[in-house]
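Chemist: Sending over structure30.pdb (PDB, C-alpha atoms).
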ATOM      1  CA  MET A   1     114.848  64.289  49.874
ATOM      2  CA  GLN A   2     118.290  62.817  50.110
ATOM      3  CA  GLN A   3     119.919  65.890  51.588
ATOM      4  CA  ARG A   4     117.523  65.966  54.474
ATOM      5  CA  ASN A   5     118.289  62.355  55.372
ATOM      6  CA  GLN A   6     122.002  63.003  55.206
ATOM      7  CA  THR A   7     121.889  66.033  57.458
ATOM      8  CA  ALA A   8     119.403  64.840  60.029
ATOM      9  CA  ALA A   9     120.902  64.744  63.474
ATOM     10  CA  PRO A  10     120.451  61.830  65.866
ATOM     11  CA  GLU A  11     117.060  61.695  67.515
ATOM     12  CA  VAL A  12     118.011  63.274  70.789
ATOM     13  CA  PHE A  13     114.685  64.861  71.749
ATOM     14  CA  ASP A  14     114.026  62.877  74.897
ATOM     15  CA  THR A  15     110.421  62.302  75.863
ATOM     16  CA  SER A  16     111.234  59.191  77.873
ATOM     17  CA  GLY A  17     111.261  61.314  81.020
ATOM     18  CA  PHE A  18     107.687  62.383  80.289
ATOM     19  CA  ILE A  19     106.261  65.870  80.372
ATOM     20  CA  PRO A  20     106.798  67.762  83.646
ATOM     21  CA  ARG A  21     103.618  68.585  85.532
ATOM     22  CA  ALA A  22     103.404  72.357  85.131
ATOM     23  CA  ASN A  23     100.632  74.896  85.363
ATOM     24  CA  SER A  24     100.279  74.788  81.591
ATOM     25  CA  LEU A  25     100.379  71.085  80.807
ATOM     26  CA  ALA A  26      98.792  71.605  77.382
ATOM     27  CA  GLY A  27     101.520  74.154  76.610
ATOM     28  CA  SER A  28     104.255  71.698  77.557
ATOM     29  CA  VAL A  29     102.648  68.971  75.452
ATOM     30  CA  TYR A  30     102.327  71.423  72.566
ATOM     31  CA  GLU A  31     106.040  72.282  72.753
ATOM     32  CA  ALA A  32     107.009  68.598  72.825
ATOM     33  CA  ILE A  33     104.960  67.756  69.727
ATOM     34  CA  PHE A  34     106.002  70.977  67.993
ATOM     35  CA  ALA A  35     109.682  70.076  68.512
ATOM     36  CA  GLN A  36     109.129  66.664  66.960
ATOM     37  CA  LEU A  37     107.379  68.188  63.945
ATOM     38  CA  MET A  38     110.074  70.829  63.420
ATOM     39  CA  SER A  39     112.948  68.365  63.682
ATOM     40  CA  LEU A  40     111.235  65.778  61.455
ATOM     41  CA  LYS A  41     110.978  63.115  64.163
ATOM     42  CA  ILE A  42     107.330  63.200  63.125
ATOM     43  CA  ALA A  43     107.712  63.136  59.359
ATOM     44  CA  PRO A  44     105.548  65.254  57.044
ATOM     45  CA  GLY A  45     102.393  63.342  56.202
ATOM     46  CA  ALA A  46     102.853  60.820  59.033
ATOM     47  CA  ARG A  47      99.869  59.789  61.128
ATOM     48  CA  ILE A  48      99.800  61.116  64.673
ATOM     49  CA  THR A  49      98.107  58.704  67.038
ATOM     50  CA  VAL A  50      96.723  60.201  70.222
ATOM     51  CA  ASP A  51      97.050  56.905  72.118
ATOM     52  CA  ASN A  52     100.737  56.653  71.204
ATOM     53  CA  LEU A  53     101.344  60.188  72.462
ATOM     54  CA  VAL A  54      99.505  59.353  75.687
ATOM     55  CA  LYS A  55     102.000  56.546  76.299
ATOM     56  CA  GLU A  56     105.041  58.497  75.111
ATOM     57  CA  LEU A  57     104.373  61.656  77.103
ATOM     58  CA  ASN A  58     102.546  60.041  80.028
ATOM     59  CA  VAL A  59      99.639  62.471  79.955
ATOM     60  CA  SER A  60      95.921  62.146  79.318
ATOM     61  CA  GLN A  61      94.235  62.642  75.968
ATOM     62  CA  THR A  62      92.889  66.090  76.900
ATOM     63  CA  PRO A  63      96.140  68.136  76.759
ATOM     64  CA  ILE A  64      97.252  66.181  73.697
ATOM     65  CA  ARG A  65      94.063  66.996  71.832
ATOM     66  CA  GLU A  66      94.347  70.630  72.906
ATOM     67  CA  ALA A  67      97.922  70.752  71.624
ATOM     68  CA  LEU A  68      96.998  69.071  68.338
ATOM     69  CA  GLY A  69      94.148  71.545  67.889
ATOM     70  CA  ARG A  70      96.572  74.425  68.318
ATOM     71  CA  LEU A  71      98.996  72.845  65.847
ATOM     72  CA  GLU A  72      96.123  72.380  63.401
ATOM     73  CA  GLY A  73      95.454  76.117  63.644
ATOM     74  CA  GLU A  74      99.106  76.759  62.768
ATOM     75  CA  GLY A  75      98.895  74.569  59.675
ATOM     76  CA  LEU A  76     101.256  71.915  61.039
ATOM     77  CA  VAL A  77      98.669  69.217  61.734
ATOM     78  CA  ILE A  78      95.680  68.073  59.692
ATOM     79  CA  LYS A  79      92.575  66.459  61.184
ATOM     80  CA  THR A  80      90.639  64.212  58.818
ATOM     81  CA  HIS A  81      87.130  62.998  59.585
ATOM     82  CA  LEU A  82      87.057  59.323  60.645
ATOM     83  CA  ILE A  83      90.843  59.073  60.240
ATOM     84  CA  GLY A  84      92.336  61.349  62.850
ATOM     85  CA  PHE A  85      95.437  63.521  62.982
ATOM     86  CA  SER A  86      98.449  63.596  60.697
ATOM     87  CA  ALA A  87     101.407  65.895  60.173
ATOM     88  CA  ALA A  88     100.864  68.368  57.352
ATOM     89  CA  PRO A  89     102.557  67.334  54.111
ATOM     90  CA  GLN A  90     105.805  68.995  53.163
ATOM     91  CA  ILE A  91     105.498  72.127  51.064
ATOM     92  CA  THR A  92     106.190  71.690  47.370
ATOM     93  CA  ARG A  93     109.036  73.364  45.509
ATOM     94  CA  ARG A  94     106.515  75.604  43.771
ATOM     95  CA  ARG A  95     104.993  76.682  47.088
ATOM     96  CA  PHE A  96     108.476  77.240  48.503
ATOM     97  CA  ASP A  97     109.376  79.526  45.593
ATOM     98  CA  GLU A  98     106.096  81.410  45.926
ATOM     99  CA  LEU A  99     106.600  81.964  49.655
ATOM    100  CA  TYR A 100     110.056  83.432  49.144
ATOM    101  CA  GLN A 101     108.893  85.598  46.263
ATOM    102  CA  LEU A 102     106.187  86.974  48.548
ATOM    103  CA  ARG A 103     108.598  87.544  51.414
ATOM    104  CA  LEU A 104     111.180  89.252  49.198
ATOM    105  CA  LEU A 105     108.481  91.616  47.944
ATOM    106  CA  LEU A 106     107.231  92.550  51.407
ATOM    107  CA  GLU A 107     109.829  92.068  54.132
ATOM    108  CA  PRO A 108     112.807  94.158  52.931
ATOM    109  CA  ASP A 109     110.588  97.231  52.595
ATOM    110  CA  SER A 110     109.056  96.475  55.993
ATOM    111  CA  ALA A 111     112.537  96.292  57.532
ATOM    112  CA  ALA A 112     113.339  99.713  56.080
ATOM    113  CA  ARG A 113     110.141 101.150  57.540
ATOM    114  CA  ALA A 114     110.833  99.540  60.905
ATOM    115  CA  ALA A 115     114.295 101.116  61.015
ATOM    116  CA  THR A 116     112.825 104.606  60.750
ATOM    117  CA  ALA A 117     110.273 103.851  63.486
ATOM    118  CA  MET A 118     112.754 102.361  65.967
ATOM    119  CA  ASP A 119     113.004 103.385  69.603
ATOM    120  CA  GLU A 120     114.540 101.789  72.700
ATOM    121  CA  GLY A 121     111.414  99.861  73.671
ATOM    122  CA  LYS A 122     110.949  98.392  70.211
ATOM    123  CA  LEU A 123     114.631  97.598  69.968
ATOM    124  CA  ALA A 124     114.538  95.739  73.284
ATOM    125  CA  SER A 125     111.648  93.574  72.082
ATOM    126  CA  LEU A 126     113.532  92.834  68.859
ATOM    127  CA  ARG A 127     116.660  91.825  70.760
ATOM    128  CA  ALA A 128     114.599  89.431  72.863
ATOM    129  CA  ALA A 129     113.052  87.861  69.759
ATOM    130  CA  ALA A 130     116.254  87.593  67.724
ATOM    131  CA  GLY A 131     117.490  84.489  69.582
ATOM    132  CA  LEU A 132     121.061  85.756  69.930
ATOM    133  CA  MET A 133     121.322  85.311  73.692
ATOM    134  CA  GLY A 134     120.898  81.533  73.560
ATOM    135  CA  ARG A 135     123.030  80.801  70.531
ATOM    136  CA  ARG A 136     125.489  77.910  70.481
ATOM    137  CA  GLU A 137     124.262  76.568  73.787
ATOM    138  CA  GLY A 138     124.456  72.835  74.324
ATOM    139  CA  GLY A 139     121.589  70.550  75.151
ATOM    140  CA  ASP A 140     118.794  69.017  73.165
ATOM    141  CA  GLU A 141     119.270  69.808  69.479
ATOM    142  CA  ARG A 142     115.650  69.087  68.595
ATOM    143  CA  LEU A 143     114.366  71.407  71.272
ATOM    144  CA  ARG A 144     116.899  74.074  70.327
ATOM    145  CA  TYR A 145     115.918  73.855  66.651
ATOM    146  CA  SER A 146     112.196  74.140  67.378
ATOM    147  CA  THR A 147     112.855  77.014  69.770
ATOM    148  CA  PHE A 148     114.714  78.906  67.065
ATOM    149  CA  ALA A 149     111.919  78.223  64.555
ATOM    150  CA  ARG A 150     109.565  80.022  66.912
ATOM    151  CA  GLN A 151     112.085  82.806  67.646
ATOM    152  CA  ASP A 152     112.614  83.368  63.933
ATOM    153  CA  ALA A 153     108.870  83.698  63.405
ATOM    154  CA  MET A 154     108.613  86.128  66.339
ATOM    155  CA  PHE A 155     111.583  88.196  65.155
ATOM    156  CA  HIS A 156     110.204  88.665  61.659
ATOM    157  CA  ASP A 157     106.695  89.279  62.964
ATOM    158  CA  LYS A 158     107.998  91.916  65.383
ATOM    159  CA  ILE A 159     109.704  93.746  62.512
ATOM    160  CA  LEU A 160     106.434  93.692  60.564
ATOM    161  CA  GLU A 161     104.581  94.985  63.618
ATOM    162  CA  ILE A 162     106.998  97.882  64.046
ATOM    163  CA  ALA A 163     106.778  98.661  60.318
ATOM    164  CA  GLY A 164     103.092  99.323  60.933
ATOM    165  CA  ASN A 165     101.310  97.604  58.025
ATOM    166  CA  GLU A 166      98.891  95.155  59.621
ATOM    167  CA  LEU A 167      97.663  93.782  56.292
ATOM    168  CA  ILE A 168     101.186  92.669  55.340
ATOM    169  CA  ARG A 169     101.682  91.221  58.810
ATOM    170  CA  GLU A 170      98.406  89.287  58.699
ATOM    171  CA  THR A 171      99.114  88.043  55.173
ATOM    172  CA  LEU A 172     102.487  86.558  56.095
ATOM    173  CA  ASN A 173     101.252  85.143  59.392
ATOM    174  CA  HIS A 174      98.381  83.420  57.619
ATOM    175  CA  GLN A 175     100.863  81.477  55.495
ATOM    176  CA  HIS A 176     102.611  79.990  58.563
ATOM    177  CA  THR A 177     105.712  80.611  56.491
ATOM    178  CA  HIS A 178     108.399  79.995  59.085
ATOM    179  CA  PHE A 179     107.057  76.734  60.451
ATOM    180  CA  HIS A 180     106.695  75.132  57.022
ATOM    181  CA  ILE A 181     110.119  76.324  55.913
ATOM    182  CA  PHE A 182     111.869  75.067  59.055
ATOM    183  CA  ARG A 183     110.424  71.600  58.519
ATOM    184  CA  LEU A 184     112.307  71.254  55.254
ATOM    185  CA  MET A 185     115.673  70.442  56.811
ATOM    186  CA  PHE A 186     116.798  69.715  60.359
ATOM    187  CA  HIS A 187     120.381  71.030  60.402
ATOM    188  CA  SER A 188     122.445  73.287  62.650
ATOM    189  CA  ARG A 189     123.478  75.380  59.654
ATOM    190  CA  VAL A 190     119.879  76.568  59.315
ATOM    191  CA  THR A 191     120.051  78.158  62.752
ATOM    192  CA  GLU A 192     123.681  79.279  63.055
ATOM    193  CA  GLU A 193     123.854  81.165  59.756
ATOM    194  CA  ALA A 194     120.410  82.663  60.342
ATOM    195  CA  LEU A 195     121.550  83.932  63.740
ATOM    196  CA  ASP A 196     124.500  85.719  62.114
ATOM    197  CA  GLU A 197     122.053  87.333  59.711
ATOM    198  CA  HIS A 198     119.697  88.296  62.536
ATOM    199  CA  GLU A 199     122.623  90.001  64.232
ATOM    200  CA  ALA A 200     123.442  92.017  61.106
ATOM    201  CA  LEU A 201     119.795  92.945  60.621
ATOM    202  CA  LEU A 202     119.449  93.947  64.252
ATOM    203  CA  GLY A 203     122.504  96.204  63.926
ATOM    204  CA  ALA A 204     120.972  98.016  60.955
ATOM    205  CA  LEU A 205     117.672  98.434  62.763
ATOM    206  CA  GLU A 206     119.422  99.701  65.897
ATOM    207  CA  ALA A 207     121.276 102.278  63.808
ATOM    208  CA  GLY A 208     117.987 103.429  62.273
ATOM    209  CA  ASP A 209     119.526 102.859  58.821
ATOM    210  CA  SER A 210     116.627 102.055  56.522
ATOM    211  CA  SER A 211     118.799 101.247  53.482
ATOM    212  CA  ALA A 212     121.031  98.907  55.475
ATOM    213  CA  ALA A 213     118.003  97.247  57.090
ATOM    214  CA  GLU A 214     116.350  96.674  53.720
ATOM    215  CA  ARG A 215     119.576  95.220  52.338
ATOM    216  CA  ALA A 216     120.183  93.014  55.400
ATOM    217  CA  MET A 217     116.655  91.613  55.251
ATOM    218  CA  ARG A 218     116.932  90.869  51.543
ATOM    219  CA  GLU A 219     120.256  89.093  52.039
ATOM    220  CA  HIS A 220     118.855  87.137  54.982
ATOM    221  CA  LEU A 221     115.873  85.921  52.955
ATOM    222  CA  GLU A 222     117.997  85.038  49.939
ATOM    223  CA  HIS A 223     120.468  83.108  52.069
ATOM    224  CA  SER A 224     117.629  81.338  53.879
ATOM    225  CA  ARG A 225     116.146  80.286  50.540
ATOM    226  CA  ASP A 226     119.512  79.022  49.278
ATOM    227  CA  ARG A 227     120.198  77.069  52.479
ATOM    228  CA  LEU A 228     116.967  75.140  52.124
ATOM    229  CA  LEU A 229     116.936  74.483  48.372
ATOM    230  CA  PRO A 230     118.937  71.208  48.745
ATOM    231  CA  ALA A 231     115.916  69.741  50.550
ATOM    232  CA  PHE A 232     114.269  69.433  47.120
ATOM    233  CA  ASP A 233     117.163  67.548  45.496
TER     234      ASP A 233
END
Can you dump the structure from the file as structure tokens?
Modeler:
Amino acid sequence: MQQRNQTAAPEVFDTSGFIPRANSLAGSVYEAIFAQLMSLKIAPGARITVDNLVKELNVSQTPIREALGRLEGEGLVIKTHLIGFSAAPQITRRRFDELYQLRLLLEPDSAARAATAMDEGKLASLRAAAGLMGRREGGDERLRYSTFARQDAMFHDKILEIAGNELIRETLNHQHTHFHIFRLMFHSRVTEEALDEHEALLGALEAGDSSAAERAMREHLEHSRDRLLPAFD
């Protein structure tokens, strides 16, 4: 994927300082490995060696194995008998197209339904998930990118929750759609343009305008698809 190599930012996710000793060490280790997977520091299909992570993060095997188990449950890591862990392979162009076809069928209508069910409490939770408060902040680009990948997943999931169809919500969550899509290309454009679209979608939802919310979601998904298509060139 030539485009991905051209747009990859310098490897600035710094694990040389080791993981801070916090109450949730496994959670911190998980976030560190997740950031490397999202930003392609750990390439799709690459082997993940527990001993190397022990040295890199200066922690024991236990929190690393816990984190890798969680990532396996999210479809980002594969554990093979007698071989060990590896990063999940990149999604194919066919799978990419299928995921967006599914999302375009389900999410615009869900956004419209969410707009009619909006109240102040739901709106506050959506604002928190949209990622707008931390936009364009400096710091570690890898960590920022992985943080937005999670925020994007939470934002879309929250809209599905408010829309009220649990089967649709479970179906999309089961695909781990956002995590696989974000691994296609590590680039600031993926986050900055998506944040603009989140803002427009949030405005439609806040206004309770179902037509505008449906339209904003459709445009967001179409633009997201178009941003990531060069990864297959």
Chemist: Using all atoms of stretch 188-204 of chain A that appear in the file, construct an axis-aligned enclosing box with 5 Å of padding on every side and provide its centre coordinates and edge lengths in Å, rounded to one decimal, as JSON.
Modeler:
{"center_x": 122.0, "center_y": 85.7, "center_z": 61.8, "size_x": 15.1, "size_y": 34.7, "size_z": 14.9}
Chemist: Which residue gives the smallest distance to A:Ser24 among A:Glu193, A:Glu66, A:His156, A:Arg103, with only C-alpha atoms counted?
Modeler: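 Closest residue, counting only C-alpha atoms: A:Glu66.
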Chemist: Could you list as a PyMOL selection string every residue that has an atom within 12 Å of (110.6, 68.1, 43.5), using the file's coordinates and counting all atoms listed in the file?
Modeler: chain A and resi 1-2+90-97+229-233
Chemist: Take the PyMOL selection byres ((chain A and resi 127) around 12), run it mentally on this structure, and tell me the resulting residues as JSON, numbers by chain.
Modeler: {"A": [120, 121, 122, 123, 124, 125, 126, 128, 129, 130, 131, 132, 133, 134, 151, 152, 154, 155, 156, 158, 159, 195, 198, 199, 200, 201, 202, 203, 205, 206]}
Chemist: Can you work out which one of A:Glu56, A:Asp51, A:Glu31, A:Asp109 has the shortest atom-to-atom distance to A:Ser210, counting all atoms listed in the file?
Modeler: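 Closest to A:Ser210 of all the choices is A:Asp109.
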Chemist: Using all atoms listed in the file, which residues sit within 12 Å of A:Glu222 once same-chain residues fewer than 3 positions away are excluded, as a ChimeraX atom specification?
Modeler: /A:97,99-101,103-105,107-108,194,197,215-219,225-229
Chemist: Need to verify the contact set: stretch 47-49 of chain A, 9 Å, all atoms listed in the file, exclusion of same-chain residues closer than 6 positions in sequence. Can you return it as a list in words?
Modeler: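 So, after excluding close chain neighbours, the residues are Val77, Gly84, Phe85, Ser86 and Ala87 of chain A.
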Chemist: Please provide the set of residues having any atom within 9 Å of A:Arg169, restricted to all atoms listed in the file, with same-chain residues fewer than 5 positions apart removed, written as a list in words.
Modeler: Asp157, Leu160, Glu161, Gly164 and His174 of chain A
Chemist: Go ahead and write the residues just picked, C-alpha atoms, as an mmCIF file, keeping the file's coordinate frame.
Modeler:
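The new file selection.cif reads:
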data_model
loop_
_atom_site.group_PDB
_atom_site.id
_atom_site.type_symbol
_atom_site.label_atom_id
_atom_site.label_comp_id
_atom_site.auth_asym_id
_atom_site.auth_seq_id
_atom_site.Cartn_x
_atom_site.Cartn_y
_atom_site.Cartn_z
ATOM 1 C CA ASP A 157 106.695 89.279 62.964
ATOM 2 C CA LEU A 160 106.434 93.692 60.564
ATOM 3 C CA GLU A 161 104.581 94.985 63.618
ATOM 4 C CA GLY A 164 103.092 99.323 60.933
ATOM 5 C CA HIS A 174 98.381 83.420 57.619
#
Chemist: Report the distance between atom CA of A:Ala111 and atom CA of A:Phe34 in Å, rounded to one decimal place.
Modeler: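 Going from atom CA of A:Ala111 over to atom CA of A:Phe34, I get 28.2 Å.
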Chemist: Point out the residue among A:Ala212, A:Ala88, A:Ala163, A:Met118 with the least atom-to-atom distance to A:Ile42, counting only C-alpha atoms.
Modeler: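 The shortest atom-to-atom distance to A:Ile42 comes from A:Ala88.
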Chemist: Name the residues that the PyMOL selection byres ((chain A and resi 178-180) around 7) pulls out of this structure, and write them as a list in words.
Modeler: Ile91, Ala149, Ala153, His176, Thr177, Ile181, Phe182 and Arg183 of chain A
Chemist: Could you check which of A:Gln36, A:Ser28, A:Gln61, A:Gln175 is closest to A:Arg144, using all atoms listed in the file?
Modeler: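 The shortest atom-to-atom distance to A:Arg144 comes from A:Gln36.
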Chemist: Between atom CA of A:His223 and atom CA of A:Gly73, what is the distance, to one decimal in Å?
Modeler: 28.4 Å
Chemist: For atom CA of A:Leu143 and atom CA of A:Pro44, quote the distance in Å rounded to one decimal.
Modeler: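 It comes out at 17.8 Å.
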Chemist: In terms of the shortest atom-to-atom distance over all atoms listed in the file, which of A:Phe148, A:Leu57, A:Met38, A:Pro63 is closest to A:Ala26?
Modeler: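 Among the listed residues, the smallest separation from A:Ala26 belongs to A:Pro63.
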Chemist: Applied to this file, what does the PyMOL selection byres ((chain A and resi 188) around 9) return in terms of residues, put as an MDAnalysis selection string?
Modeler: chainID A and resid 7 9 141 145 186:187 189:193
Chemist: Just want the 12 Å neighbourhood of A:Asn52, counted on only C-alpha atoms, with same-chain residues fewer than 6 positions away dropped. Output as JSON, numbers by chain.
Modeler: {"A": [33, 58, 59, 60, 61, 64, 85]}
Chemist: Could stretch 91-107 of chain A be completed with N, CA and C atoms and written as a short mmCIF file (atom, residue, chain, number, x, y, z; two decimals), in the frame of the given file, please?
Modeler:
data_model
loop_
_atom_site.label_atom_id
_atom_site.label_comp_id
_atom_site.auth_asym_id
_atom_site.auth_seq_id
_atom_site.Cartn_x
_atom_site.Cartn_y
_atom_site.Cartn_z
N ILE A 91 105.83 71.19 52.14
CA ILE A 91 105.50 72.13 51.06
C ILE A 91 106.21 71.71 49.78
N THR A 92 105.60 72.01 48.66
CA THR A 92 106.19 71.69 47.37
C THR A 92 107.23 72.73 46.98
N ARG A 93 108.04 72.41 45.99
CA ARG A 93 109.04 73.36 45.51
C ARG A 93 108.35 74.62 44.97
N ARG A 94 107.22 74.44 44.30
CA ARG A 94 106.52 75.60 43.77
C ARG A 94 106.03 76.51 44.90
N ARG A 95 105.47 75.89 45.95
CA ARG A 95 104.99 76.68 47.09
C ARG A 95 106.15 77.38 47.79
N PHE A 96 107.26 76.67 47.91
CA PHE A 96 108.48 77.24 48.50
C PHE A 96 108.91 78.48 47.74
N ASP A 97 108.98 78.38 46.42
CA ASP A 97 109.38 79.53 45.59
C ASP A 97 108.39 80.68 45.75
N GLU A 98 107.11 80.36 45.79
CA GLU A 98 106.10 81.41 45.93
C GLU A 98 106.22 82.12 47.27
N LEU A 99 106.46 81.36 48.33
CA LEU A 99 106.60 81.96 49.66
C LEU A 99 107.77 82.93 49.70
N TYR A 100 108.89 82.54 49.11
CA TYR A 100 110.06 83.43 49.14
C TYR A 100 109.88 84.63 48.23
N GLN A 101 109.19 84.44 47.11
CA GLN A 101 108.89 85.60 46.26
C GLN A 101 108.04 86.60 47.02
N LEU A 102 107.05 86.10 47.76
CA LEU A 102 106.19 86.97 48.55
C LEU A 102 106.99 87.69 49.63
N ARG A 103 107.82 86.94 50.33
CA ARG A 103 108.60 87.54 51.41
C ARG A 103 109.58 88.59 50.88
N LEU A 104 110.21 88.30 49.76
CA LEU A 104 111.18 89.25 49.20
C LEU A 104 110.50 90.53 48.70
N LEU A 105 109.23 90.43 48.34
CA LEU A 105 108.48 91.62 47.94
C LEU A 105 108.11 92.48 49.15
N LEU A 106 107.82 91.84 50.28
CA LEU A 106 107.23 92.55 51.41
C LEU A 106 108.18 92.85 52.56
N GLU A 107 109.06 91.92 52.89
CA GLU A 107 109.83 92.07 54.13
C GLU A 107 111.00 93.05 54.05
#
